[in-house]
Structure formats: structure tokens, C-alpha cells
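Have a look at the structure below, then the notes.
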Amino acid sequence: MDNGPARLKHVSQELQMSGDRISDLAEISTVRKEDFDFNKGQTEYEDILQCNNLPSSATPRGHQIPAAFLSMASGLDKHGLDSDKPLPFTHVDVAGSAAEIHVQATAAPLMMFASRYVLPRVGFK
């Protein structure tokens with residue numbers, strides 16, 4: 001999920017094409033205004049919310065909400081296309097490959113990143 005500056009650089013599309021070349025497939029999603037609205041604090045005692053009490057599969061747009069949260073919590077939401085200092089940021093949802101305690105992690109999307117950033121530097125196309 002790209003922010004505006006990353007979308008101009010086609011970061012997600014390049015990652016997706018790199019993954020496709022080596023069968024490490026990725027889907028591109030978009031972070032929207034409502035994802036940021038979800039994370040806004042609802043009372044005077046909270047600035048930002050990380051999540052609700054439901055799993056992401058039971059939350060509308062559940063996998064985009066963490067991307068919006070990270071953007072807000074880090075301040076990257078202040079560095080979009082309308083900023084004096086735009087910073088490209090791409091959120092890759094790796095929750096599906098994260099392991100639970102005592103379960104082997106899958107390391108996805110490691111091969112997609114290697115195909116995009118490592119293999120071209122060592123001569124593979």
C-alpha cells in the first residue's frame with residue numbers, strides 16, 4: 001500500500017512485478033481516508049487508536065487500518081504529495097507470514113524483495 005509519493009514512483013507495482021517473476025505473488029491495496037478516520041481517537045483522552053477488539057478479518061478494510069495507523073503514529077501522514085518534504089512509504093502487510101509462538105514463520109514476502117532489490121544488483125534480471 002503506497003502513500004502518494006510512493007505511488008508516483010510505482011513502488012507497489014514494481015514489487016508486484018518482481019514477485020510475479022518468481023511466483024511470490026502480491027496484491028496491491030489502497031489506503032483511504034476512512035482508514036485514517038478509523039484510527040483517530042474518539043475522546044479527549046486518546047490521540048490515536050491502533051485497533052479495535054475484532055480480528056482484521058472481521059473489521060471492514062481490516063488490513064489497511066494498520067498501514068494508516070503506522071503512517072499516523074510515525075508522522076509519515078504529514079509527508080504526502082501536498083508536503084514540502086514528501087517521503088515515499090509503502091506498507092507491506094506481512095501478518096499472514098508472521099508466526100505465532102512455537103510456529104515456524106514463512107518469511108513471505110522475502111523473495112519478492114530479493115527479486116526487486118537484490119537480484120538486479122548481482123546481475124540477475
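Ordering of the C-alpha cells sets the chain letters (A, B, ...); residue numbers start at 1 within each chain; ligands are numbered from 1 in the order shown.
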Q. If you count only C-alpha atoms, which residues fall within 12 Å of Asp84 (chain A), apart from same-chain ones fewer than 5 positions away, as a PyMOL selection string?
A. chain A and resi 5+78-79
Those residues you just picked out, can you put them in a file as a PDB file, in the first residue's frame with N, CA and C atoms?
```pdb
ATOM      1  N   PRO A   5       3.526   9.839  -2.527  1.00  0.00           N
ATOM      2  CA  PRO A   5       4.854   9.886  -3.134  1.00  0.00           C
ATOM      3  C   PRO A   5       5.349   8.517  -3.628  1.00  0.00           C
ATOM      4  N   LYS A  78       2.167  13.305   7.409  1.00  0.00           N
ATOM      5  CA  LYS A  78       2.473  14.725   7.202  1.00  0.00           C
ATOM      6  C   LYS A  78       3.421  14.927   6.017  1.00  0.00           C
ATOM      7  N   HIS A  79       3.798  13.838   5.341  1.00  0.00           N
ATOM      8  CA  HIS A  79       4.774  13.910   4.247  1.00  0.00           C
ATOM      9  C   HIS A  79       4.221  13.316   2.960  1.00  0.00           C
TER      10      HIS A  79
END
```
(Q) For Ile48 (chain A), find every residue with an atom within 12 Å (counting only C-alpha atoms), except residues of its own chain fewer than 2 positions away, and show them as JSON, numbers by chain. (A) {"A": [36, 37, 38, 39, 40, 41, 42, 43, 44, 45, 46, 50, 51, 52, 65, 66, 68, 69, 70, 71, 72, 73, 74, 75]}
Selection file, C-alpha atoms, as a short mmCIF file (atom, residue, chain, number, x, y, z; two decimals), in the first residue's frame:
```
data_model
loop_
_atom_site.label_atom_id
_atom_site.label_comp_id
_atom_site.auth_asym_id
_atom_site.auth_seq_id
_atom_site.Cartn_x
_atom_site.Cartn_y
_atom_site.Cartn_z
CA PHE A 36 -7.20 7.15 8.78
CA ASP A 37 -10.56 8.17 10.26
CA PHE A 38 -10.84 4.74 11.93
CA ASN A 39 -7.58 5.38 13.81
CA LYS A 40 -8.48 8.82 15.15
CA GLY A 41 -9.08 8.98 18.89
CA GLN A 42 -12.74 9.17 19.86
CA THR A 43 -12.34 11.02 23.17
CA GLU A 44 -10.16 13.74 24.64
CA TYR A 45 -8.06 11.03 26.32
CA GLU A 46 -6.78 9.37 23.17
CA GLN A 50 -4.16 1.08 16.93
CA CYS A 51 -7.06 -1.33 16.53
CA ASN A 52 -10.47 -2.40 17.72
CA ILE A 65 -6.05 0.08 9.03
CA PRO A 66 -2.57 -0.92 10.31
CA ALA A 68 -2.92 4.08 8.24
CA PHE A 69 -2.02 3.66 11.92
CA LEU A 70 1.72 3.34 11.18
CA SER A 71 1.58 6.37 8.91
CA MET A 72 -0.17 8.45 11.59
CA ALA A 73 1.94 7.23 14.53
CA SER A 74 5.23 7.81 12.68
CA GLY A 75 4.25 11.19 11.25
#
```
Q: Go through A:Phe124, A:Asp93, A:Ile101, A:Asp82 one by one, measure the shortest atom-to-atom distance of each to Glu27 (chain A) using only C-alpha atoms, and give the residue with the smallest value.
A: A:Asp93
Q: Would you please give, as an MDAnalysis selection string, all residues of chain A that DSSP assigns to alpha helix (DSSP H) based on the backbone?
A: chainID A and resid 4:8 11:21 33:39 65:74 110:113
Q: Could you tell me how far CA of Pro55 (chain A) lies from CA of Asp77 (chain A), in Å and to one decimal?
A: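 For CA of Pro55 (chain A) relative to CA of Asp77 (chain A), the distance reads 24.4 Å.
If only C-alpha atoms are the atoms counted, then among A:Gln64, A:Glu34, A:Met111, A:Pro120 the closest residue to Ala95 (chain A) is A:Gln64.
Shortest atom-to-atom contact with Met1 (chain A) among A:Leu76, A:Leu49, A:Leu81, A:Val92: A:Val92, counting only C-alpha atoms.
Each of A:Ala58, A:Asn3, A:Ser23, A:Val94 was compared to Thr106 (chain A) using only C-alpha atoms, and A:Val94 turns out to be the nearest.
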Mind the document's chain letters and residue numbers, and return as a tab-separated table (two decimals) with C-alpha atoms, in the first residue's frame the residues of region 1-122 of chain A that DSSP labels strand (DSSP E or B).
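And here's out29.tsv as it stands now:
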```tsv
chain	number	residue	atom	x	y	z
A	2	ASP	CA	1.70	3.16	-1.24
A	40	LYS	CA	-8.48	8.82	15.15
A	48	ILE	CA	-4.82	7.63	18.05
A	90	THR	CA	4.99	1.54	1.11
```
**Q.** For Pro86 (chain A), the nearest of the candidates A:Ile22, A:Val122, A:Ala67, A:Leu8, counting only C-alpha atoms
**A.**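 Residue with the minimum atom-to-atom distance to Pro86 (chain A): A:Leu8.
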**Q.** Distance in Å - CA of Ser56 (chain A) versus CA of Gly96 (chain A)
**A.**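 For CA of Ser56 (chain A) relative to CA of Gly96 (chain A), the distance reads 11.1 Å.
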